[in-house]
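Undergrad: Mind looking over this structure? Questions follow.
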Amino acid sequence: MPDLEYYLAQTRRIQEHREAGAEIEIRKTFLSLLKELQGFLGREYADHADEKGELSYGLLQRQSRYARFISEVEEKVIKGTSGYKKSIKNVVNDTYKIAFNGMVDAVKKSDGSKAELEEIFKDVEYVRPETLKNAVDNQVSGLTLNDTLEKNRTDIICNIKQTIGIGLQNGDRYETMAKRIAESLDGDYNKAIRIVRTETHRVREAGSLESTIALNEKLKQGNSGMRYFKVWKTAKDERVRKPKGKNKADHRKMEGITIPVDEYFDLGHGVKTMAPGQSGDAGNDINCRCRLTFKLQKVEEPKKEVEKSAESGIIKEEDIHIGKSLGAAAHRDDVKLPNGQKGKLAEGSKITKIVTFAGKGTNKPVKVAKHLSNQFKGVPESEWKKCRGDGYVEYAKGIIKHVELHWFESEQTGRVRMKVKYEFKK
């Protein structure tokens with residue numbers, strides 16, 4: 001029977017075909033815009049150039065033509081680029097949907113066909129509209145997809161106007177001006193293709209990963225003891241990212257690294273990511289060709305042991321895993337930051353080196369136990385304990401820091417009043 005990777009390879013081929021189709025449409029858009037602009041310029045030169053065939057600011061201004069000339073150029077660029085923006089949005093949406101639903105289908109045909117897992121996976125949902133929207137809108141370098149496309153479109157308009165402005169300053173002939181426009185649009189076309197490849201790569205990896213996380217949650221509800229792990233795969237060629245100049249990104253070292261699906265990969269230099277193309281760091285994300293594969297493994301659930309030191313009165317606790325929710329960050333703990341604002345525990349991270357150093361079970365009281373019991377009615381003062389541990393906190397979108405955390409806890413309330421006590425240096 002074909003394995004999971006066989007079916008995922010089929011899904012990737014569908015995605016690559018859609019992406020190639022979008023790139024062809026974008027190429028047609030830019031060629032059409034070039035033809036339109038060069039035709040317009042040809043008419044302007046025929047009507048307004050001097051006897052030498054040159055056109056300049058002075059000539060256009062003397063003929064009261066300059067303002068209208070620039071306005072028409074801008075109108076043609078706006079109209080000419082409207083289609084490419086739609087093409088990119090469509091292919092990004094389709095890519096995420098194919099990746100998410102393709103993973104569900106692939107699992108049902110491979111791992112899910114096993115007798116012990118068939119029942120667990122039979123009711124797995126396909127991608128919901130709200131999940132699709134959140135994934136596509138996810139920010140890269142602080143910009144949503146729509147922001148990125150609008151910025152690119154504005155840049156195209158500015159570049160064309162600047163290019164024409166330089167030509168008019170120099171008093172270019174038509175042939176020279178037409179060549180300038182072609183070179184400018186060629187650069188803009190390459191940027192548009194880079195956006196397509198970066199964005200489709202981002203949502204392709206996000207779709208398959210988030211689908212697998214949902215499948216993994218189903219496994220946790222059963223008794224199979226099976227869990228999904230994700231494996232970082234590179235293209236294994238000379239183009240695989242390595243440190244160069246100011247860019248410290250090194251994806252060669254990531255090949256084959258395997259971790260649970262709901263944890264972060266550590267890319268080094270303070271950059272963490274759930275999947276290739278997801279870090280928010282341009283040096284790691286733009287034009288990345290790495291991908292994830294997944295494997296199902298039997299895992300031993302950790303024994304719930306508490307090690308107590310009678311001498312210190314400190315209790316060592318188990319690590320806390322912070323899951324990655326397909327919803328918003330609402331289910332992750334709020335964390336008070338050093339500046340008084342609120343952050344969140346980073347999705348997919350762990351709180352490690354946890355100890356209870358005051359309160360229940362120790363020889364040291366929680367000084368504010370009375371105040372806590374007044375705030376959280378029904379919790380006896382004797383039930384409170386104070387804890388600390390090392391974790392990762394999302395200060396803002398894409399900004400995650402390694403910190404020491406302190407918080408209070410009781411069986412009735414869980415963790416409360418969590419705050420950053422110390423920021424570790426990178």
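In the structure tokens, chains take letters A, B, ... by order of appearance, with residues numbered from 1 within each chain and ligands from 1 in the order shown.
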For the structure I just gave you, how does DSSP split range 171-265 of chain A - specifically, which residues are strand (DSSP E or B)? Reply as a list in words.

TA: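 Taking range 171-265 of chain A and keeping strand (DSSP E or B) gives Arg173, Met226, Arg227, Tyr228, Phe229, Lys230, Val231, Trp232, Lys233, Lys244, Asn247, Thr258, Ile259, Pro260 and Phe265 of chain A.
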
Undergrad: Hey, can you spit out that residue selection with C-alpha atoms as a PDB file, in the first residue's frame?

TA:
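The resulting file, result_30.pdb, is reproduced below:
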ATOM      1  CA  ARG A 173      14.146  59.598 -27.536  1.00  0.00           C
ATOM      2  CA  MET A 226       0.557   7.193  18.265  1.00  0.00           C
ATOM      3  CA  ARG A 227       1.619  10.771  17.515  1.00  0.00           C
ATOM      4  CA  TYR A 228       2.664  12.718  14.431  1.00  0.00           C
ATOM      5  CA  PHE A 229       6.153  14.158  14.122  1.00  0.00           C
ATOM      6  CA  LYS A 230       7.337  16.655  11.513  1.00  0.00           C
ATOM      7  CA  VAL A 231      10.630  16.361   9.623  1.00  0.00           C
ATOM      8  CA  TRP A 232      12.444  19.326   8.047  1.00  0.00           C
ATOM      9  CA  LYS A 233      13.569  18.531   4.497  1.00  0.00           C
ATOM     10  CA  LYS A 244      26.237  34.780   3.634  1.00  0.00           C
ATOM     11  CA  ASN A 247      22.146  36.882   6.455  1.00  0.00           C
ATOM     12  CA  THR A 258      12.460  15.701  13.614  1.00  0.00           C
ATOM     13  CA  ILE A 259      10.239  17.139  16.361  1.00  0.00           C
ATOM     14  CA  PRO A 260       6.593  16.831  17.525  1.00  0.00           C
ATOM     15  CA  PHE A 265      12.073  24.442  15.057  1.00  0.00           C
TER      16      PHE A 265
END

Undergrad: List as a list in words the protein and nucleic acid residues near Val366 in chain A, meaning an atom at most 9 Å away when only C-alpha atoms are counted, but skip any in the same chain fewer than 6 places from it.

TA: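 The filter keeps Ala358, Gly359, Lys360, Glu381, Ser382, Trp384, Lys385, Lys386 and Phe408 of chain A.
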
Undergrad: Neighbours of range 412-420 of chain A within 9 Å (only C-alpha atoms; same-chain residues fewer than 6 positions away dropped), as a ChimeraX atom specification?

TA: /A:333-338,342,376,378-379,383,393,403-406

Undergrad: Would you put the residues from that selection into a file with N, CA, C and O atoms, as a PDB file, in the first residue's frame?

TA:
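File produced: again.pdb:
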ATOM      1  N   ASP A 333      -1.845  31.341  27.593  1.00  0.00           N
ATOM      2  CA  ASP A 333      -1.760  32.211  28.755  1.00  0.00           C
ATOM      3  C   ASP A 333      -1.333  33.625  28.384  1.00  0.00           C
ATOM      4  O   ASP A 333      -0.423  33.829  27.591  1.00  0.00           O
ATOM      5  N   ASP A 334      -1.993  34.595  29.013  1.00  0.00           N
ATOM      6  CA  ASP A 334      -1.499  35.969  28.960  1.00  0.00           C
ATOM      7  C   ASP A 334      -0.254  36.062  29.834  1.00  0.00           C
ATOM      8  O   ASP A 334      -0.178  35.426  30.894  1.00  0.00           O
ATOM      9  N   VAL A 335       0.694  36.871  29.402  1.00  0.00           N
ATOM     10  CA  VAL A 335       1.929  37.056  30.170  1.00  0.00           C
ATOM     11  C   VAL A 335       2.191  38.552  30.302  1.00  0.00           C
ATOM     12  O   VAL A 335       2.200  39.277  29.293  1.00  0.00           O
ATOM     13  N   LYS A 336       2.420  39.003  31.523  1.00  0.00           N
ATOM     14  CA  LYS A 336       2.743  40.411  31.735  1.00  0.00           C
ATOM     15  C   LYS A 336       4.202  40.644  31.356  1.00  0.00           C
ATOM     16  O   LYS A 336       5.102  39.984  31.858  1.00  0.00           O
ATOM     17  N   LEU A 337       4.416  41.594  30.439  1.00  0.00           N
ATOM     18  CA  LEU A 337       5.759  41.892  29.960  1.00  0.00           C
ATOM     19  C   LEU A 337       6.438  42.929  30.848  1.00  0.00           C
ATOM     20  O   LEU A 337       5.766  43.618  31.628  1.00  0.00           O
ATOM     21  N   PRO A 338       7.752  43.080  30.766  1.00  0.00           N
ATOM     22  CA  PRO A 338       8.464  44.057  31.606  1.00  0.00           C
ATOM     23  C   PRO A 338       7.955  45.490  31.441  1.00  0.00           C
ATOM     24  O   PRO A 338       8.044  46.288  32.379  1.00  0.00           O
ATOM     25  N   LYS A 342       0.780  43.212  27.641  1.00  0.00           N
ATOM     26  CA  LYS A 342       0.490  41.786  27.656  1.00  0.00           C
ATOM     27  C   LYS A 342       1.096  41.080  26.446  1.00  0.00           C
ATOM     28  O   LYS A 342       1.044  41.581  25.324  1.00  0.00           O
ATOM     29  N   PHE A 376      -9.680  35.299  43.857  1.00  0.00           N
ATOM     30  CA  PHE A 376     -10.241  34.079  43.274  1.00  0.00           C
ATOM     31  C   PHE A 376     -11.024  33.343  44.361  1.00  0.00           C
ATOM     32  O   PHE A 376     -10.473  32.517  45.100  1.00  0.00           O
ATOM     33  N   GLY A 378     -13.172  31.040  46.665  1.00  0.00           N
ATOM     34  CA  GLY A 378     -13.310  29.592  46.778  1.00  0.00           C
ATOM     35  C   GLY A 378     -12.005  28.836  46.802  1.00  0.00           C
ATOM     36  O   GLY A 378     -12.000  27.618  46.973  1.00  0.00           O
ATOM     37  N   VAL A 379     -10.885  29.549  46.646  1.00  0.00           N
ATOM     38  CA  VAL A 379      -9.578  28.884  46.684  1.00  0.00           C
ATOM     39  C   VAL A 379      -8.948  29.159  48.050  1.00  0.00           C
ATOM     40  O   VAL A 379      -8.603  30.302  48.364  1.00  0.00           O
ATOM     41  N   GLU A 383      -3.929  26.374  49.312  1.00  0.00           N
ATOM     42  CA  GLU A 383      -3.871  25.703  48.012  1.00  0.00           C
ATOM     43  C   GLU A 383      -2.971  26.412  47.009  1.00  0.00           C
ATOM     44  O   GLU A 383      -2.663  25.871  45.953  1.00  0.00           O
ATOM     45  N   VAL A 393       7.957  33.564  25.021  1.00  0.00           N
ATOM     46  CA  VAL A 393       6.803  34.460  25.022  1.00  0.00           C
ATOM     47  C   VAL A 393       6.773  35.267  23.732  1.00  0.00           C
ATOM     48  O   VAL A 393       7.804  35.786  23.279  1.00  0.00           O
ATOM     49  N   VAL A 403      12.605  33.516  27.985  1.00  0.00           N
ATOM     50  CA  VAL A 403      12.496  34.234  29.256  1.00  0.00           C
ATOM     51  C   VAL A 403      12.353  33.279  30.434  1.00  0.00           C
ATOM     52  O   VAL A 403      12.066  32.090  30.272  1.00  0.00           O
ATOM     53  N   GLU A 404      12.570  33.840  31.642  1.00  0.00           N
ATOM     54  CA  GLU A 404      12.186  33.147  32.870  1.00  0.00           C
ATOM     55  C   GLU A 404      10.830  33.666  33.276  1.00  0.00           C
ATOM     56  O   GLU A 404      10.592  34.879  33.345  1.00  0.00           O
ATOM     57  N   LEU A 405       9.913  32.739  33.530  1.00  0.00           N
ATOM     58  CA  LEU A 405       8.538  33.090  33.883  1.00  0.00           C
ATOM     59  C   LEU A 405       8.266  32.794  35.350  1.00  0.00           C
ATOM     60  O   LEU A 405       8.771  31.809  35.900  1.00  0.00           O
ATOM     61  N   HIS A 406       7.438  33.627  35.981  1.00  0.00           N
ATOM     62  CA  HIS A 406       6.938  33.376  37.328  1.00  0.00           C
ATOM     63  C   HIS A 406       5.419  33.434  37.277  1.00  0.00           C
ATOM     64  O   HIS A 406       4.847  34.234  36.530  1.00  0.00           O
TER      65      HIS A 406
END

Undergrad: Sorted by chain and rising residue number, list the residues of range 52-99 of chain A at most 12 Å from range 103-115 of chain A (counting only C-alpha atoms), each with its closest atom pair and distance in Å to one decimal, as JSON lines.

TA:
{"residue": "A:Tyr96", "atom": "CA", "partner": "A:Met103", "partner_atom": "CA", "distance": 10.7}
{"residue": "A:Lys97", "atom": "CA", "partner": "A:Met103", "partner_atom": "CA", "distance": 9.9}
{"residue": "A:Ile98", "atom": "CA", "partner": "A:Met103", "partner_atom": "CA", "distance": 8.2}
{"residue": "A:Ala99", "atom": "CA", "partner": "A:Met103", "partner_atom": "CA", "distance": 6.1}

Undergrad: Any chance you can output those residues with N, CA, C and O atoms as a PDB file, in the first residue's frame?

TA:
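Once everything was written out, this is again.pdb:
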ATOM      1  N   TYR A  96      -3.408  26.775   0.003  1.00  0.00           N
ATOM      2  CA  TYR A  96      -3.653  26.400   1.400  1.00  0.00           C
ATOM      3  C   TYR A  96      -4.734  25.326   1.483  1.00  0.00           C
ATOM      4  O   TYR A  96      -4.594  24.333   2.207  1.00  0.00           O
ATOM      5  N   LYS A  97      -5.804  25.525   0.731  1.00  0.00           N
ATOM      6  CA  LYS A  97      -6.926  24.578   0.779  1.00  0.00           C
ATOM      7  C   LYS A  97      -6.481  23.190   0.315  1.00  0.00           C
ATOM      8  O   LYS A  97      -6.815  22.175   0.938  1.00  0.00           O
ATOM      9  N   ILE A  98      -5.718  23.138  -0.785  1.00  0.00           N
ATOM     10  CA  ILE A  98      -5.233  21.852  -1.296  1.00  0.00           C
ATOM     11  C   ILE A  98      -4.295  21.195  -0.291  1.00  0.00           C
ATOM     12  O   ILE A  98      -4.339  19.976  -0.076  1.00  0.00           O
ATOM     13  N   ALA A  99      -3.424  21.999   0.352  1.00  0.00           N
ATOM     14  CA  ALA A  99      -2.474  21.445   1.320  1.00  0.00           C
ATOM     15  C   ALA A  99      -3.191  20.879   2.543  1.00  0.00           C
ATOM     16  O   ALA A  99      -2.894  19.769   2.998  1.00  0.00           O
TER      17      ALA A  99
END

Undergrad: Could you check the closest approach to Glu217 in chain A for each of A:Val203, A:Leu41, A:Ile120, A:Leu60 and tell me which residue wins, using only C-alpha atoms?

TA: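 Closest candidate: A:Ile120.
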
Undergrad: Once DSSP has gone over the backbone, tell me which residues of range 150-397 of chain A are in alpha helix (DSSP H), as number ranges by chain.

TA: A: 150-170, 174-221, 282-285, 369-375

Undergrad: Can you pull out the residues contacting Ile320 in chain A? Cut-off 8 Å, using only C-alpha atoms, and skip same-chain residues under 6 positions away; I want them as a count of residues only.

TA: 3

Undergrad: As a PyMOL selection string, please: the residues near Ile70 in chain A (cut-off 12 Å, only C-alpha atoms, same-chain neighbours under 6 positions excluded).

TA: chain A and resi 37+40-41+44+57+60-61+64+76-77+157-158+160-165+168

Undergrad: For a quick check of understanding, using only C-alpha atoms, which of A:Val355, A:Ile166, A:Asn216, A:Val91 has the smallest distance to Lys316 in chain A?

TA: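 Going through A:Val355, A:Ile166, A:Asn216, A:Val91 one by one, the smallest distance to Lys316 in chain A is for A:Val355.
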
Undergrad: Do a neighbour search on Gly283 in chain A at 10 Å with only C-alpha atoms, toss out local chain neighbours closer than 5 positions, and write the hits as a compact mmCIF listing (two decimals) with C-alpha atoms, in the first residue's frame.

TA:
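Saved file out-v5.txt follows:
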# COMPACT_ATOMS: atom_id res chain seq x y z
CA ARG A 241 20.44 28.46 2.31
CA PRO A 243 25.20 32.00 5.98
CA LYS A 246 24.57 39.74 7.04
CA ASN A 247 22.15 36.88 6.46
CA LYS A 248 22.92 34.25 9.11
CA ALA A 249 20.22 31.80 7.97
CA ASP A 250 21.54 28.25 7.61
CA GLY A 277 8.48 29.93 5.44
CA CYS A 288 12.82 29.20 0.78
